[in-house]
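Structure file data-v1.txt; described as compact mmCIF, C-alpha atoms.
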# COMPACT_ATOMS: atom_id res chain seq x y z
CA MET A 1 17.92 -207.72 121.85
CA PHE A 2 20.66 -210.31 121.61
CA ARG A 3 20.21 -213.27 119.29
CA HIS A 4 22.22 -216.46 119.45
CA LEU A 5 21.30 -219.14 116.96
CA GLY A 6 23.04 -222.50 116.68
CA LEU A 7 23.06 -225.54 114.44
CA ILE A 8 22.73 -229.22 115.22
CA ALA A 9 22.48 -232.11 112.80
CA VAL A 10 20.54 -235.35 112.27
CA CYS A 11 21.00 -238.31 109.95
CA VAL A 12 18.27 -238.61 107.38
CA CYS A 13 18.22 -240.91 104.38
CA ILE A 14 15.52 -240.21 101.79
CA VAL A 15 14.41 -243.03 99.52
CA ALA A 16 12.15 -241.82 96.74
CA SER A 17 9.02 -243.84 96.04
CA VAL A 18 5.44 -243.52 94.95
CA GLY A 19 2.79 -245.27 97.01
CA CYS A 20 5.23 -246.69 99.58
CA GLU A 21 4.37 -249.92 101.34
CA GLY A 22 5.41 -251.02 104.82
CA GLY A 23 6.79 -248.88 107.60
CA GLN A 24 4.65 -246.23 109.20
CA GLY A 25 2.87 -243.37 107.48
CA ILE A 26 2.32 -239.91 108.93
CA LYS A 27 -1.34 -239.84 109.85
CA GLY A 28 -3.12 -236.57 109.35
CA ILE A 29 -0.25 -234.82 107.56
CA THR A 30 0.20 -236.73 104.31
CA GLY A 31 0.40 -235.15 100.86
CA ASN A 32 -2.28 -233.12 99.09
CA THR A 33 -5.37 -234.93 97.83
CA GLY A 34 -6.82 -234.35 94.38
CA ILE A 35 -7.16 -235.90 90.97
CA THR A 36 -3.40 -236.41 90.72
CA PRO A 37 -1.92 -237.75 93.98
CA THR A 38 1.21 -236.08 95.27
CA PRO A 39 4.25 -238.36 94.89
CA THR A 40 5.60 -239.49 98.24
CA VAL A 41 8.94 -240.53 99.68
CA THR A 42 10.10 -242.65 102.57
CA VAL A 43 12.23 -240.81 105.13
CA GLU A 44 14.54 -242.77 107.41
CA PHE A 45 16.51 -241.07 110.14
CA GLY A 46 17.98 -241.69 113.54
CA GLY A 47 20.15 -240.33 116.30
CA ARG A 48 20.93 -240.51 119.98
CA VAL A 49 19.29 -238.54 122.81
CA VAL A 50 21.67 -237.53 125.59
CA ASN A 51 21.53 -235.61 128.86
CA ALA A 52 22.56 -232.04 128.02
CA GLU A 53 24.56 -231.77 131.27
CA THR A 54 26.29 -235.14 131.57
CA GLY A 55 26.29 -236.46 128.01
CA GLY A 56 24.85 -239.77 129.20
CA PRO A 57 22.11 -241.54 127.20
CA VAL A 58 18.42 -240.87 127.90
CA ALA A 59 16.21 -243.94 127.46
CA ASN A 60 12.44 -244.08 126.92
CA VAL A 61 12.21 -240.77 125.08
CA ARG A 62 9.12 -240.67 122.84
CA VAL A 63 9.53 -239.11 119.40
CA SER A 64 6.46 -237.62 117.69
CA VAL A 65 5.74 -235.70 114.48
CA THR A 66 4.25 -232.28 115.22
CA ALA A 67 4.23 -230.52 111.84
CA LEU A 68 4.92 -230.93 108.14
CA ALA A 69 5.70 -228.27 105.56
CA SER A 70 5.80 -228.85 101.82
CA ARG A 71 5.95 -226.61 98.78
CA GLY A 72 2.57 -227.79 97.59
CA GLY A 73 0.77 -227.80 100.93
CA GLY A 74 2.39 -225.09 103.06
CA LEU A 75 2.66 -225.66 106.80
CA ARG A 76 0.32 -228.15 108.43
CA GLU A 77 0.20 -228.55 112.18
CA ALA A 78 -0.16 -232.10 113.43
CA ARG A 79 -0.03 -231.62 117.19
CA SER A 80 -3.65 -232.69 117.69
CA THR A 81 -2.96 -235.97 115.90
CA ALA A 82 0.74 -236.34 116.70
CA GLU A 83 1.57 -240.00 117.04
CA GLU A 84 4.46 -241.71 118.72
CA ILE A 85 6.77 -242.91 115.96
CA GLY A 86 9.71 -244.10 117.99
CA THR A 87 11.23 -244.54 121.44
CA THR A 88 14.89 -244.40 122.45
CA GLY A 89 16.55 -247.53 123.75
CA GLY A 90 18.78 -247.94 126.76
CA ASP A 91 21.70 -246.37 124.89
CA GLY A 92 19.58 -243.36 123.87
CA THR A 93 19.43 -244.28 120.20
CA PHE A 94 16.39 -244.32 117.93
CA ALA A 95 15.79 -245.21 114.29
CA LEU A 96 12.66 -244.07 112.48
CA ARG A 97 11.05 -244.78 109.12
CA LEU A 98 8.28 -242.55 107.80
CA ASN A 99 6.34 -243.41 104.67
CA ASP A 100 4.03 -241.26 102.57
CA VAL A 101 5.88 -237.99 103.11
CA PRO A 102 5.15 -235.60 100.21
CA SER A 103 8.13 -235.59 97.87
CA ASP A 104 8.26 -231.78 97.99
CA TRP A 105 8.51 -231.66 101.79
CA THR A 106 10.63 -228.87 103.24
CA MET A 107 10.34 -229.46 107.00
CA LEU A 108 9.28 -232.04 109.55
CA GLY A 109 8.70 -230.87 113.11
CA LEU A 110 9.60 -233.40 115.80
CA GLU A 111 8.96 -233.49 119.53
CA PHE A 112 11.07 -235.41 122.05
CA THR A 113 9.18 -236.22 125.25
CA GLY A 114 11.46 -237.55 127.94
CA PRO A 115 10.71 -239.65 131.00
CA ALA A 116 9.97 -238.02 134.36
CA GLY A 117 12.75 -235.64 135.31
CA TYR A 118 13.41 -234.33 131.79
CA ASP A 119 12.06 -231.35 129.86
CA THR A 120 10.35 -231.92 126.52
CA ARG A 121 12.21 -230.47 123.55
CA GLY A 122 11.46 -229.94 119.89
CA GLY A 123 13.44 -230.11 116.68
CA ARG A 124 13.26 -229.20 113.02
CA LEU A 125 14.25 -231.60 110.25
CA GLU A 126 14.95 -230.39 106.69
CA PRO A 127 15.97 -232.29 103.54
CA THR A 128 19.08 -230.12 103.46
CA ALA A 129 20.31 -227.71 106.10
CA ALA A 130 22.93 -225.64 104.33
CA PRO A 131 21.89 -223.21 105.52
CA CYS A 132 18.84 -223.94 107.70
CA ARG A 133 15.68 -222.13 106.72
CA ILE A 134 15.18 -221.50 110.43
CA ALA A 135 18.10 -222.30 112.73
CA PRO A 136 18.76 -224.52 114.50
CA CYS A 137 17.78 -227.49 112.39
CA TRP A 138 19.05 -230.98 111.65
CA ALA A 139 20.92 -231.73 108.48
CA THR A 140 20.18 -234.72 106.28
CA ALA A 141 23.64 -236.27 106.36
CA ASP A 142 24.63 -236.66 110.02
CA ARG A 143 23.59 -238.81 112.97
CA PRO A 144 23.37 -236.36 115.88
CA GLU A 145 23.44 -236.38 119.61
CA ILE A 146 20.20 -234.63 120.52
CA ARG A 147 20.58 -232.94 123.89
CA MET A 148 17.75 -232.93 126.43
CA TYR A 149 17.66 -230.95 129.68
CA PRO A 150 17.09 -232.60 133.04
CA THR A 151 14.39 -230.59 134.80
CA LEU A 152 15.67 -227.94 137.23
CA VAL A 153 13.73 -227.20 140.42
CA ILE A 154 14.31 -224.32 142.86
CA ARG A 155 12.65 -223.51 146.19
CA PRO A 156 12.68 -220.35 148.33
CA GLY A 157 15.96 -220.10 150.24
CA GLU A 158 17.92 -222.06 147.61
CA SER A 159 20.60 -221.12 145.09
CA ILE A 160 21.36 -223.37 142.13
CA GLU A 161 23.73 -223.26 139.19
CA VAL A 162 22.00 -223.06 135.81
CA ARG A 163 23.83 -223.85 132.60
CA VAL A 164 22.05 -222.83 129.40
CA GLU A 165 23.42 -224.70 126.39
CA PRO A 166 23.20 -223.41 122.81
CA SER A 167 20.41 -224.80 120.62
CA VAL A 168 18.66 -227.06 123.15
CA ASN A 169 15.62 -224.91 123.96
CA LEU A 170 14.72 -221.58 122.36
CA CYS A 171 12.49 -218.76 123.62
CA ALA A 172 10.83 -215.72 122.01
CA PHE A 173 8.98 -215.45 118.73
CA GLY A 174 10.73 -217.52 116.08
CA GLY A 175 12.93 -219.16 118.71
CA GLY A 176 15.61 -216.50 118.71
CA PHE A 177 17.13 -216.91 122.18
CA ASP A 178 18.62 -219.85 124.05
CA CYS A 179 16.82 -220.41 127.34
CA ARG A 180 16.23 -223.01 130.03
CA ARG A 181 13.13 -223.72 132.09
CA VAL A 182 13.24 -223.76 135.89
CA LEU A 183 10.34 -225.03 138.02
CA VAL A 184 9.66 -222.82 141.05
CA GLU A 185 8.22 -224.84 143.95
CA ALA A 186 6.25 -222.76 146.45
CA SER A 187 2.82 -222.69 148.05
CA PRO A 188 0.13 -221.64 145.58
CA GLY A 189 0.01 -217.86 145.24
CA THR A 190 3.20 -217.33 147.27
CA PRO A 191 5.39 -214.64 145.63
CA VAL A 192 8.96 -215.79 145.09
CA GLU A 193 11.72 -213.40 144.04
CA LEU A 194 14.23 -214.88 141.62
CA GLU A 195 17.62 -213.34 140.92
CA VAL A 196 20.08 -214.48 138.28
CA VAL A 197 23.80 -213.64 138.44
CA ARG A 198 25.86 -214.41 135.36
CA GLN A 199 29.04 -216.44 135.90
CA ASP A 200 30.35 -217.22 132.43
CA SER A 201 28.69 -216.02 129.25
CA LYS A 202 29.46 -213.80 126.29
CA TRP A 203 25.78 -212.84 126.24
CA PRO A 204 23.77 -210.80 128.78
CA MET A 205 21.68 -213.25 130.83
CA GLY A 206 18.36 -212.66 132.52
CA LEU A 207 14.98 -214.08 133.48
CA VAL A 208 11.71 -214.24 131.59
CA GLU A 209 8.38 -215.68 132.74
CA SER A 210 7.17 -216.88 129.34
CA ILE A 211 8.87 -218.37 126.28
CA TRP A 212 7.41 -215.44 124.31
CA ASP A 213 9.08 -212.71 126.41
CA GLU A 214 11.87 -210.77 124.76
CA GLU A 215 12.77 -208.46 127.66
CA PRO A 216 14.86 -210.37 130.23
CA VAL A 217 15.43 -208.88 133.69
CA LEU A 218 17.88 -209.81 136.45
CA ARG A 219 15.18 -210.01 139.14
CA ARG A 220 11.65 -211.30 138.77
CA VAL A 221 8.83 -212.13 141.18
CA VAL A 222 6.78 -215.20 140.34
CA ALA A 223 3.96 -216.92 142.23
CA GLY A 224 5.14 -220.47 141.78
CA GLY A 225 5.07 -221.99 138.34
CA VAL A 226 8.02 -221.59 135.99
CA ALA A 227 10.65 -219.12 134.88
CA TYR A 228 13.24 -219.23 132.11
CA VAL A 229 16.91 -218.31 132.31
CA TYR A 230 17.72 -216.41 129.16
CA ASN A 231 20.78 -216.71 126.83
CA ALA A 232 23.54 -219.30 126.73
CA GLY A 233 26.03 -219.44 129.58
CA THR A 234 26.33 -220.33 133.27
CA ALA A 235 24.57 -218.40 136.03
CA THR A 236 23.59 -218.67 139.68
CA LEU A 237 19.86 -218.55 140.32
CA THR A 238 18.62 -217.64 143.82
CA ALA A 239 15.04 -217.82 145.12
CA ARG A 240 13.79 -215.75 148.07
CA ARG A 241 10.38 -215.22 149.62
Kindly present the structure from the file in structure tokens form.
Amino acid sequence: MFRHLGLIAVCVCIVASVGCEGGQGIKGITGNTGITPTPTVTVEFGGRVVNAETGGPVANVRVSVTALASRGGGLREARSTAEEIGTTGGDGTFALRLNDVPSDWTMLGLEFTGPAGYDTRGGRLEPTAAPCRIAPCWATADRPEIRMYPTLVIRPGESIEVRVEPSVNLCAFGGGFDCRRVLVEASPGTPVELEVVRQDSKWPMGLVESIWDEEPVLRRVVAGGVAYVYNAGTATLTARR
């Protein structure tokens, strides 16, 4: 099993307060309730979403909170009540302000949902990231370029080049392996054989059918749907009936 973990960074400014007013709170994942309310802080952060292949800006990307972890409350999932808290502008930038975050927070999970033609990606924000509790994560002192993959599509009889970048999308339990999703277009139930040939990578590359797989292979038969090219590098992917 080959692991390749990377780091990226995000700008976060934390302004301590109790009972913050204004801005936007995090619905459904605020601090613990009880006789003594948990002190809260306001978290402001921003960055720029770019195309992972071209470096150009990606506009109209929705940013949502998916999870919150704090020392007093553990990990709380918020996917069922995740709200849009920001959208990138034409230059790909966004600026967010979150109120009522527990002062002992240790992680905020974010989701970046792109417009049609882009894959959704996640991210992990920590008050400090030196080192990350789980890599990759975003540090609290930088304003990052957050890379987002354009969606790849392959059909039987085609060969395409696939470049898997470090720390954009991770597969396997705990997110231990860089990977990239490929949509396989074929008639429903039609078996399609995929073959990946590595071009340039210091890591063995392969194919998996699920983000939870940890055993990549060079050839895989899928009946439409998706596959993932495994480990960072450049490879040629070919689809055959």
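Residues in contact with region 206-222 of chain A at up to 7 Å, not including ones fewer than 4 positions away on its chain and judged by only C-alpha atoms, are Cys171, Ala172, Phe173, Pro191, Val192, Glu193, Leu194, Glu195, Val196, Val226, Ala227, Tyr228, Val229 and Tyr230 of chain A.
You can rank A:Arg143, A:Gly225, A:Ala232, A:Ala130 by their closest distance to Gly176 (chain A) using all atoms listed in the file, and at the top of that list sits A:Ala232.
Counting only C-alpha atoms and comparing A:Pro188, A:Leu152, A:Pro57, A:Thr66, the residue that lies closest to Leu125 (chain A) is A:Thr66.
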Notebook entry, point to check: Rounded to one decimal in Å, what is the spacing between CA of Arg62 (chain A) and CA of Ala139 (chain A)?
Noted result: 20.6 Å
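Between CA of Glu111 (chain A) and CA of Val182 (chain A) the interatomic distance comes to 19.5 Å.
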Margin query: I need the residue nearest Gly74 (chain A) from this list: A:Pro102, A:Gly86, A:Ala52, A:Asn60. Use all atoms listed in the file for the distance.
Written below: A:Pro102
Next item on the list: Go through A:Ala116, A:Ala59, A:Val162, A:Leu75 and flag the residue nearest Phe94 (chain A), using all atoms listed in the file for the distances.
Entry: A:Ala59
Notebook entry, point to check: Between A:Gln199, A:Asp178, A:Cys132, A:Val101, which is the closest to Gly73 (chain A) once you count all atoms listed in the file?
Noted result: A:Val101
Can you report as lines of an AutoDock Vina configuration file the centre and edge lengths in Å, to one decimal, of an axis-aligned box around the listed atoms of region 63-66 of chain A padded with 8 Å on each side?
center_x = 6.9
center_y = -235.7
center_z = 116.9
size_x = 21.3
size_y = 22.8
size_z = 20.9
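If you measure from each of A:Gly233, A:Gly89, A:Pro204, A:Val197 to Ile160 (chain A) using all atoms listed in the file, the closest one turns out to be A:Val197.
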Next item on the list: Tell me, as a ChimeraX atom specification, which residues lie within 10 Å of Val153 (chain A), counting all atoms listed in the file; anything in the same chain fewer than 3 positions away does not count.
Entry: /A:117,150,158,160,181-185,226
Margin query: Residues near Tyr149 (chain A), anyone? I mean within 7 Å using all atoms listed in the file, not counting same-chain ones fewer than 4 positions away, as a list in words.
Written below: Asn51, Ala52, Tyr118 and Asp119 of chain A
Margin query: Need to verify the contact set: Thr234 (chain A), 8 Å, only C-alpha atoms, exclusion of same-chain residues closer than 2 positions in sequence. Can you return it as a list in words?
Written below: Glu161, Val162, Arg163, Val164, Arg198, Gln199, Asp200, Ser201, Ala232 and Thr236 of chain A
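Atom pair CA of Gly46 (chain A) / CA of Glu165 (chain A): separated by 22.0 Å.
Every protein, DNA or RNA residue with an atom at most 9 Å from Thr93 (chain A), where all atoms listed in the file count and chain neighbours fewer than 5 positions away do not, is listed here: Gly46, Gly47, Arg48, Val49, Val50, Pro57, Val58, Ala59, Thr87, Thr88 and Glu145 of chain A.
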